$ cat data-v2.cif   # mmCIF, C-alpha atoms
data_entry
loop_
_atom_site.label_atom_id
_atom_site.label_comp_id
_atom_site.auth_asym_id
_atom_site.auth_seq_id
_atom_site.Cartn_x
_atom_site.Cartn_y
_atom_site.Cartn_z
CA MET A 316 22.26 -13.81 27.59
CA ARG A 317 20.83 -11.72 30.46
CA SER A 318 17.10 -11.51 31.04
CA LEU A 319 15.41 -8.16 30.53
CA ASN A 320 12.95 -8.02 33.41
CA LEU A 321 10.85 -4.92 32.90
CA ALA A 322 8.92 -5.55 36.07
CA LEU A 323 12.09 -5.12 38.12
CA GLU A 324 12.71 -1.82 36.35
CA GLY A 325 9.22 -0.54 37.07
CA GLU A 326 8.20 -0.76 33.39
CA PRO A 327 4.99 -2.25 31.95
CA THR A 328 5.14 -5.97 31.30
CA GLY A 329 2.14 -6.18 28.99
CA GLY A 330 1.11 -4.73 25.66
CA ILE A 331 3.59 -3.93 22.91
CA ALA A 332 6.44 -3.35 25.36
CA GLY A 333 5.95 -6.79 26.89
CA TRP A 334 5.63 -8.42 23.47
CA ALA A 335 8.82 -6.76 22.18
CA THR A 336 10.64 -7.65 25.39
CA SER A 337 9.66 -11.30 24.99
CA LEU A 338 11.02 -11.36 21.43
CA VAL A 339 14.32 -9.76 22.42
CA GLU A 340 14.73 -12.03 25.44
CA THR A 341 13.94 -15.16 23.43
CA MET A 342 15.75 -14.40 20.17
CA GLY A 343 18.15 -11.53 20.95
CA GLY A 344 19.01 -9.33 17.95
CA PRO A 345 16.91 -11.35 15.45
CA GLY A 346 13.92 -10.88 17.76
CA ALA A 347 14.37 -7.12 17.65
CA GLY A 348 14.67 -7.32 13.86
CA LEU A 349 11.47 -9.37 13.63
CA ALA A 350 9.62 -6.83 15.77
CA ILE A 351 10.70 -3.96 13.51
CA ALA A 352 9.89 -5.90 10.33
CA LEU A 353 6.36 -6.41 11.66
CA GLU A 354 6.21 -2.72 12.65
CA ASN A 355 6.87 -1.82 9.02
CA LEU A 356 4.10 -4.11 7.80
CA PHE A 357 1.65 -3.02 10.50
CA PRO A 358 2.24 0.71 11.23
CA PRO A 359 0.04 0.65 14.39
CA LEU A 360 2.98 -1.18 16.00
CA PRO A 361 5.03 1.84 17.12
CA SER A 362 8.76 1.99 16.46
CA GLU A 363 8.97 4.62 19.21
CA ILE A 364 8.42 1.79 21.70
CA ILE A 365 10.27 -1.08 20.03
CA LEU A 366 13.50 0.75 19.13
CA PRO A 367 14.17 2.53 22.47
CA LEU A 368 13.28 -0.69 24.30
CA THR A 369 15.85 -2.52 22.17
CA GLY A 370 18.41 0.13 23.09
CA PHE A 371 17.52 -0.30 26.76
CA ALA A 372 17.98 -4.05 26.37
CA ALA A 373 21.43 -3.43 24.86
CA GLY A 374 22.32 -1.25 27.84
CA GLN A 375 21.28 -4.10 30.15
CA GLY A 376 23.52 -6.57 28.33
CA VAL A 377 20.70 -8.61 26.80
CA LEU A 378 22.29 -8.00 23.39
CA THR A 379 25.12 -5.84 22.10
CA LEU A 380 24.53 -2.33 20.78
CA ALA A 381 26.00 -3.34 17.41
CA SER A 382 23.60 -6.29 17.23
CA ALA A 383 20.65 -4.04 18.12
CA LEU A 384 21.50 -1.57 15.33
CA PHE A 385 22.23 -4.26 12.75
CA TRP A 386 19.13 -6.37 13.30
CA THR A 387 16.66 -3.51 13.65
CA THR A 388 17.95 -1.96 10.42
CA LEU A 389 17.78 -5.32 8.66
CA GLY A 390 14.24 -5.77 9.95
CA SER A 391 13.27 -2.34 8.61
CA VAL A 392 14.63 -3.21 5.17
CA VAL A 393 12.91 -6.61 5.09
CA GLY A 394 9.56 -5.05 6.03
CA ALA A 395 10.02 -2.26 3.46
CA VAL A 396 10.87 -4.74 0.69
CA ALA A 397 7.72 -6.76 1.49
CA LEU A 398 5.61 -3.60 1.10
CA TYR A 399 7.50 -2.70 -2.08
CA TRP A 400 6.50 -6.01 -3.64
CA ILE A 401 2.90 -5.53 -2.54
CA GLY A 402 2.94 -2.27 -4.50
CA ALA A 403 4.69 -3.95 -7.44
CA LEU A 404 2.14 -6.80 -7.52
CA LEU A 405 -0.70 -4.28 -7.34
CA GLY A 406 0.84 -2.53 -10.34
CA ARG A 407 0.03 0.65 -12.19
CA ASP A 408 -2.95 -0.73 -14.12
CA ARG A 409 -4.69 -2.10 -11.02
CA MET A 410 -3.93 1.12 -9.15
CA PHE A 411 -5.61 3.15 -11.91
CA ALA A 412 -8.55 0.72 -12.01
CA VAL A 413 -9.10 1.03 -8.25
CA TRP A 414 -8.55 4.80 -8.34
CA ASP A 415 -11.11 5.20 -11.13
CA ARG A 416 -13.81 3.67 -8.89
CA LEU A 417 -13.15 6.00 -5.95
CA PRO A 418 -15.50 8.96 -5.45
CA LEU A 419 -14.28 12.57 -5.54
CA VAL A 420 -10.96 11.72 -7.18
CA LYS A 421 -9.77 12.04 -10.76
CA THR A 422 -7.32 10.05 -12.83
CA ALA A 423 -5.41 13.31 -13.32
CA ASP A 424 -4.68 13.34 -9.57
CA LEU A 425 -2.98 9.97 -9.79
CA VAL A 426 -1.06 11.04 -12.89
CA ARG A 427 0.23 14.10 -11.00
CA THR A 428 1.18 11.86 -8.09
CA GLU A 429 3.15 9.63 -10.46
CA GLU A 430 4.89 12.66 -11.94
CA TRP A 431 5.73 13.95 -8.46
CA PHE A 432 7.14 10.56 -7.41
CA ALA A 433 9.20 10.34 -10.60
CA LYS A 434 10.76 13.69 -9.71
CA HIS A 435 11.06 13.38 -5.92
CA GLY A 436 10.79 9.63 -5.28
CA LYS A 437 14.36 9.15 -4.10
CA LYS A 438 14.08 11.92 -1.51
CA ALA A 439 10.66 10.63 -0.47
CA VAL A 440 11.92 7.10 0.14
CA PHE A 441 15.01 8.29 2.03
CA LEU A 442 13.36 10.98 4.18
CA GLY A 443 10.11 9.07 4.52
CA ARG A 444 11.93 6.38 6.49
CA MET A 445 12.38 8.97 9.25
CA VAL A 446 8.74 10.10 9.40
CA PRO A 447 6.29 8.14 11.57
CA VAL A 448 3.48 6.43 9.64
CA PHE A 449 4.97 7.35 6.24
CA ARG A 450 8.07 5.26 6.97
CA SER A 451 5.94 2.23 6.14
CA LEU A 452 3.57 3.61 3.51
CA ILE A 453 6.26 5.13 1.26
CA SER A 454 7.39 1.66 0.17
CA VAL A 455 4.10 0.94 -1.61
CA PRO A 456 4.27 3.73 -4.26
CA ALA A 457 7.94 2.86 -4.75
CA GLY A 458 6.81 -0.64 -5.71
CA VAL A 459 3.95 0.58 -7.88
CA GLU A 460 6.37 2.83 -9.79
CA ARG A 461 8.95 0.00 -9.90
CA MET A 462 11.77 2.09 -8.48
CA SER A 463 15.09 0.36 -9.13
CA MET A 464 15.51 -2.26 -6.41
CA PRO A 465 19.20 -1.45 -5.72
CA THR A 466 18.28 2.25 -5.38
CA PHE A 467 15.34 1.41 -3.13
CA LEU A 468 17.51 -0.83 -0.93
CA VAL A 469 20.26 1.78 -0.55
CA LEU A 470 17.86 4.62 0.27
CA THR A 471 15.78 2.47 2.61
CA THR A 472 18.86 1.15 4.43
CA LEU A 473 20.35 4.62 4.91
CA GLY A 474 17.09 6.22 6.04
CA SER A 475 16.24 3.31 8.34
CA ALA A 476 19.75 3.23 9.81
CA ILE A 477 19.52 6.92 10.76
CA TRP A 478 16.06 6.61 12.32
CA ASN A 479 16.84 3.35 14.12
CA THR A 480 20.20 4.58 15.41
CA ILE A 481 18.65 7.72 16.93
CA LEU A 482 15.91 5.81 18.75
CA VAL A 483 18.05 2.82 19.78
CA LEU A 484 20.80 5.08 21.15
CA ALA A 485 18.20 7.17 22.97
CA GLY A 486 16.95 4.05 24.73
CA TYR A 487 20.52 2.92 25.39
CA TRP A 488 21.50 6.24 27.00
CA LEU A 489 18.23 6.84 28.86
CA GLY A 490 18.27 3.41 30.47
CA ASP A 491 15.10 2.67 32.44
CA GLN A 492 13.74 6.04 31.29
CA TRP A 493 13.60 4.79 27.68
CA HIS A 494 9.84 5.39 27.57
CA ILE A 495 10.50 9.15 27.40
CA VAL A 496 11.34 8.62 23.71
CA GLU A 497 7.86 7.22 23.13
CA GLN A 498 6.30 10.38 24.53
CA TYR A 499 8.17 12.75 22.21
CA VAL A 500 8.00 10.63 19.06
CA GLY A 501 4.38 9.83 19.85
CA VAL A 502 3.60 13.55 19.67
CA LEU A 503 5.34 13.71 16.28
CA SER A 504 3.26 10.76 15.07
CA LYS A 505 0.04 12.49 16.14
CA VAL A 506 1.11 15.68 14.36
CA VAL A 507 1.74 13.73 11.15
CA VAL A 508 -1.67 12.02 11.38
CA VAL A 509 -3.45 15.34 12.05
CA LEU A 510 -1.70 17.10 9.15
CA THR A 511 -2.58 14.20 6.86
CA ALA A 512 -6.22 14.34 7.96
CA VAL A 513 -6.35 18.10 7.38
CA ALA A 514 -4.81 17.71 3.92
CA LEU A 515 -7.39 15.01 3.11
CA LEU A 516 -10.27 17.22 4.28
CA VAL A 517 -9.00 20.14 2.20
CA PHE A 518 -8.71 17.85 -0.82
CA LEU A 519 -12.27 16.55 -0.34
CA ALA A 520 -13.63 20.06 0.20
CA ARG A 521 -12.10 21.25 -3.07
CA ARG A 522 -13.50 18.24 -4.90
CA MET A 523 -17.02 18.73 -3.51
CA LYS A 524 -17.20 22.50 -3.98
CA PRO A 525 -17.41 22.53 -7.82
CA ALA A 526 -20.05 19.80 -7.71
CA SER A 527 -22.09 21.83 -5.20
CA GLY A 528 -21.73 24.91 -7.35
CA ARG A 529 -23.03 23.12 -10.43
CA HIS A 530 -25.96 21.78 -8.44
CA ARG A 531 -26.96 25.28 -7.25
CA ARG A 532 -26.78 26.70 -10.79
CA SER A 533 -29.00 23.95 -12.08
#

$ encode --input "data-v2.cif" --output "structure tokens"
Amino acid sequence: MRSLNLALEGEPTGGIAGWATSLVETMGGPGAGLAIALENLFPPLPSEIILPLTGFAAGQGVLTLASALFWTTLGSVVGAVALYWIGALLGRDRMFAVWDRLPLVKTADLVRTEEWFAKHGKKAVFLGRMVPVFRSLISVPAGVERMSMPTFLVLTTLGSAIWNTILVLAGYWLGDQWHIVEQYVGVLSKVVVVLTAVALLVFLARRMKPASGRHRRS
């Protein structure tokens, strides 16, 4: 197995890139899979670094392209299943109990969320695997709602395979310019976070407005 020396390629040797490089150099494909499994469990670990870097490693002969795609997809599924079972262990009753203690939210909101997931859950799990941040979080409600495990595995595998293939191939084709992928996907991640924050603020504003109105009338 060839060594992937990022320093010789003018790339950073520390941080997440250095950590992922060490895993791939030491373990090959399984190392890449482990990195992506951990990325699913800890969303702050960015797939936009790990996947293109794995593709770059495949282009350098550290591992084969087929191995890169197989192990990263397997890692995505393993991480997603772990989060699914966290949601399943939490369960509907505990979710409602926790939700009932939160300020500015109503049980009816959670009921509507359940109804939405029952109607659109399959699309959410499949497409959510290709959206930064949500690619990890979507597994938890799937577990809470006890989506059929075979269905969850198929949708997660397909969605993960598409996302992983795009980013791994990008790193493979871009070579030592693999970090360009991080820049573009990083922007997408920031957009998702901002839109989520805006949606949360709108939700909180709507919840607080009626309460403020009642206070003024009193």

$ closest_residue --input "data-v2.cif" --among "A:Pro367, A:Val339, A:Pro447, A:Ile351" --to "Leu389 of chain A" --atoms "only C-alpha atoms"
A:Ile351

$ atom_distance --input "data-v2.cif" --atom1 "atom CA of Leu452 of chain A" --atom2 "atom CA of Leu470 of chain A"
14.7 Å

$ closest_residue --input "data-v2.cif" --among "A:Gly348, A:Pro465, A:Gly406, A:Gly343" --to "Thr379 of chain A" --atoms "only C-alpha atoms"
A:Gly343

$ resolve_selection --input "data-v2.cif" --expression "the PyMOL selection byres ((chain A and resi 475) around 9)" --output "number ranges by chain"
A: 387-389, 391-392, 441, 444-445, 450, 470-474, 476-480

$ resolve_selection --input "data-v2.cif" --expression "the PyMOL selection byres ((chain A and resi 453) around 10)" --output "list in words"
Ala395, Leu398, Tyr399, Gly402, Gly436, Ala439, Val440, Phe441, Leu442, Gly443, Arg444, Val446, Val448, Phe449, Arg450, Ser451, Leu452, Ser454, Val455, Pro456, Ala457, Gly458 and Thr471 of chain A

$ atom_distance --input "data-v2.cif" --atom1 "atom CA of Met462 of chain A" --atom2 "atom CA of Arg409 of chain A"
17.2 Å

$ atom_distance --input "data-v2.cif" --atom1 "atom CA of Leu384 of chain A" --atom2 "atom CA of Ile401 of chain A"
26.1 Å

$ closest_residue --input "data-v2.cif" --among "A:Asp408, A:Met464, A:Ala350, A:Gly344" --to "Ala372 of chain A" --atoms "only C-alpha atoms"
A:Gly344

$ residues_around --input "data-v2.cif" --residues "Ala352 of chain A" --least-positions-apart "2" --cutoff "6 Å" --atoms "all atoms listed in the file" --output "PyMOL selection string"
chain A and resi 349-350+354-355+390-391+394

$ closest_residue --input "data-v2.cif" --among "A:Ala397, A:Val377, A:Ala433, A:Thr336" --to "Phe357 of chain A" --atoms "only C-alpha atoms"
A:Ala397

$ closest_residue --input "data-v2.cif" --among "A:Val459, A:Ile364, A:Val396, A:Ala373" --to "Met410 of chain A" --atoms "only C-alpha atoms"
A:Val459

$ resolve_selection --input "data-v2.cif" --expression "the PyMOL selection byres ((chain A and resi 376) around 12)" --output "NGL selection string"
:A and (316-320 or 339-340 or 343-344 or 369-375 or 377-383 or 487 or 490)

$ closest_residue --input "data-v2.cif" --among "A:Phe432, A:Trp386, A:Trp488, A:Trp400" --to "Leu356 of chain A" --atoms "all atoms listed in the file"
A:Trp400

$ build_atoms --input "data-v2.cif" --residues "segment 402-413 of chain A" --atoms "all heavy atoms" --output "PDB file, keeping the file's coordinate frame"
ATOM      1  N   GLY A 402       3.204  -3.327  -3.532  1.00  0.00           N
ATOM      2  CA  GLY A 402       2.940  -2.270  -4.500  1.00  0.00           C
ATOM      3  C   GLY A 402       3.226  -2.729  -5.922  1.00  0.00           C
ATOM      4  O   GLY A 402       2.469  -2.432  -6.850  1.00  0.00           O
ATOM      5  N   ALA A 403       4.324  -3.479  -6.100  1.00  0.00           N
ATOM      6  CA  ALA A 403       4.690  -3.950  -7.440  1.00  0.00           C
ATOM      7  C   ALA A 403       3.662  -4.945  -7.969  1.00  0.00           C
ATOM      8  O   ALA A 403       3.320  -4.920  -9.158  1.00  0.00           O
ATOM      9  CB  ALA A 403       6.074  -4.598  -7.392  1.00  0.00           C
ATOM     10  N   LEU A 404       3.155  -5.832  -7.101  1.00  0.00           N
ATOM     11  CA  LEU A 404       2.140  -6.800  -7.520  1.00  0.00           C
ATOM     12  C   LEU A 404       0.811  -6.110  -7.828  1.00  0.00           C
ATOM     13  O   LEU A 404       0.072  -6.531  -8.723  1.00  0.00           O
ATOM     14  CB  LEU A 404       1.954  -7.869  -6.442  1.00  0.00           C
ATOM     15  CG  LEU A 404       3.137  -8.822  -6.251  1.00  0.00           C
ATOM     16  CD1 LEU A 404       2.912  -9.718  -5.044  1.00  0.00           C
ATOM     17  CD2 LEU A 404       3.360  -9.670  -7.502  1.00  0.00           C
ATOM     18  N   LEU A 405       0.505  -5.063  -7.052  1.00  0.00           N
ATOM     19  CA  LEU A 405      -0.700  -4.280  -7.340  1.00  0.00           C
ATOM     20  C   LEU A 405      -0.589  -3.665  -8.730  1.00  0.00           C
ATOM     21  O   LEU A 405      -1.506  -3.778  -9.542  1.00  0.00           O
ATOM     22  CB  LEU A 405      -0.888  -3.196  -6.281  1.00  0.00           C
ATOM     23  CG  LEU A 405      -2.093  -2.267  -6.448  1.00  0.00           C
ATOM     24  CD1 LEU A 405      -3.388  -3.071  -6.392  1.00  0.00           C
ATOM     25  CD2 LEU A 405      -2.083  -1.183  -5.373  1.00  0.00           C
ATOM     26  N   GLY A 406       0.549  -3.035  -8.998  1.00  0.00           N
ATOM     27  CA  GLY A 406       0.840  -2.530 -10.340  1.00  0.00           C
ATOM     28  C   GLY A 406       0.096  -1.260 -10.703  1.00  0.00           C
ATOM     29  O   GLY A 406      -0.899  -0.893 -10.083  1.00  0.00           O
ATOM     30  N   ARG A 407       0.588  -0.625 -11.741  1.00  0.00           N
ATOM     31  CA  ARG A 407       0.030   0.650 -12.190  1.00  0.00           C
ATOM     32  C   ARG A 407      -1.391   0.493 -12.722  1.00  0.00           C
ATOM     33  O   ARG A 407      -2.278   1.291 -12.400  1.00  0.00           O
ATOM     34  CB  ARG A 407       0.934   1.257 -13.259  1.00  0.00           C
ATOM     35  CG  ARG A 407       0.535   2.651 -13.708  1.00  0.00           C
ATOM     36  CD  ARG A 407       1.544   3.199 -14.702  1.00  0.00           C
ATOM     37  NE  ARG A 407       1.233   4.573 -15.049  1.00  0.00           N
ATOM     38  CZ  ARG A 407       0.403   4.916 -16.019  1.00  0.00           C
ATOM     39  NH1 ARG A 407      -0.199   3.981 -16.742  1.00  0.00           N
ATOM     40  NH2 ARG A 407       0.159   6.191 -16.289  1.00  0.00           N
ATOM     41  N   ASP A 408      -1.627  -0.546 -13.520  1.00  0.00           N
ATOM     42  CA  ASP A 408      -2.950  -0.730 -14.120  1.00  0.00           C
ATOM     43  C   ASP A 408      -4.016  -0.971 -13.058  1.00  0.00           C
ATOM     44  O   ASP A 408      -5.109  -0.392 -13.115  1.00  0.00           O
ATOM     45  CB  ASP A 408      -2.922  -1.897 -15.115  1.00  0.00           C
ATOM     46  CG  ASP A 408      -2.082  -1.583 -16.346  1.00  0.00           C
ATOM     47  OD1 ASP A 408      -1.833  -0.386 -16.593  1.00  0.00           O
ATOM     48  OD2 ASP A 408      -1.665  -2.532 -17.044  1.00  0.00           O
ATOM     49  N   ARG A 409      -3.716  -1.840 -12.087  1.00  0.00           N
ATOM     50  CA  ARG A 409      -4.690  -2.100 -11.020  1.00  0.00           C
ATOM     51  C   ARG A 409      -4.896  -0.852 -10.172  1.00  0.00           C
ATOM     52  O   ARG A 409      -6.019  -0.583  -9.745  1.00  0.00           O
ATOM     53  CB  ARG A 409      -4.219  -3.263 -10.142  1.00  0.00           C
ATOM     54  CG  ARG A 409      -4.295  -4.628 -10.812  1.00  0.00           C
ATOM     55  CD  ARG A 409      -4.138  -5.729  -9.792  1.00  0.00           C
ATOM     56  NE  ARG A 409      -4.106  -7.045 -10.422  1.00  0.00           N
ATOM     57  CZ  ARG A 409      -3.017  -7.685 -10.773  1.00  0.00           C
ATOM     58  NH1 ARG A 409      -1.832  -7.117 -10.566  1.00  0.00           N
ATOM     59  NH2 ARG A 409      -3.055  -8.871 -11.327  1.00  0.00           N
ATOM     60  N   MET A 410      -3.813  -0.110  -9.925  1.00  0.00           N
ATOM     61  CA  MET A 410      -3.930   1.120  -9.150  1.00  0.00           C
ATOM     62  C   MET A 410      -4.883   2.105  -9.844  1.00  0.00           C
ATOM     63  O   MET A 410      -5.761   2.695  -9.214  1.00  0.00           O
ATOM     64  CB  MET A 410      -2.561   1.765  -8.962  1.00  0.00           C
ATOM     65  CG  MET A 410      -2.594   3.090  -8.201  1.00  0.00           C
ATOM     66  SD  MET A 410      -3.095   2.888  -6.478  1.00  0.00           S
ATOM     67  CE  MET A 410      -1.583   2.214  -5.775  1.00  0.00           C
ATOM     68  N   PHE A 411      -4.731   2.248 -11.157  1.00  0.00           N
ATOM     69  CA  PHE A 411      -5.610   3.150 -11.910  1.00  0.00           C
ATOM     70  C   PHE A 411      -7.053   2.626 -11.907  1.00  0.00           C
ATOM     71  O   PHE A 411      -8.004   3.412 -11.828  1.00  0.00           O
ATOM     72  CB  PHE A 411      -5.109   3.327 -13.340  1.00  0.00           C
ATOM     73  CG  PHE A 411      -4.168   4.473 -13.499  1.00  0.00           C
ATOM     74  CD1 PHE A 411      -2.800   4.293 -13.327  1.00  0.00           C
ATOM     75  CD2 PHE A 411      -4.627   5.741 -13.796  1.00  0.00           C
ATOM     76  CE1 PHE A 411      -1.917   5.352 -13.466  1.00  0.00           C
ATOM     77  CE2 PHE A 411      -3.759   6.806 -13.936  1.00  0.00           C
ATOM     78  CZ  PHE A 411      -2.399   6.617 -13.774  1.00  0.00           C
ATOM     79  N   ALA A 412      -7.204   1.304 -11.999  1.00  0.00           N
ATOM     80  CA  ALA A 412      -8.550   0.720 -12.010  1.00  0.00           C
ATOM     81  C   ALA A 412      -9.258   0.969 -10.677  1.00  0.00           C
ATOM     82  O   ALA A 412     -10.444   1.325 -10.643  1.00  0.00           O
ATOM     83  CB  ALA A 412      -8.465  -0.779 -12.285  1.00  0.00           C
ATOM     84  N   VAL A 413      -8.524   0.775  -9.567  1.00  0.00           N
ATOM     85  CA  VAL A 413      -9.100   1.030  -8.250  1.00  0.00           C
ATOM     86  C   VAL A 413      -9.387   2.516  -8.086  1.00  0.00           C
ATOM     87  O   VAL A 413     -10.459   2.923  -7.605  1.00  0.00           O
ATOM     88  CB  VAL A 413      -8.143   0.536  -7.142  1.00  0.00           C
ATOM     89  CG1 VAL A 413      -8.632   0.997  -5.772  1.00  0.00           C
ATOM     90  CG2 VAL A 413      -8.025  -0.983  -7.184  1.00  0.00           C
TER      91      VAL A 413
END
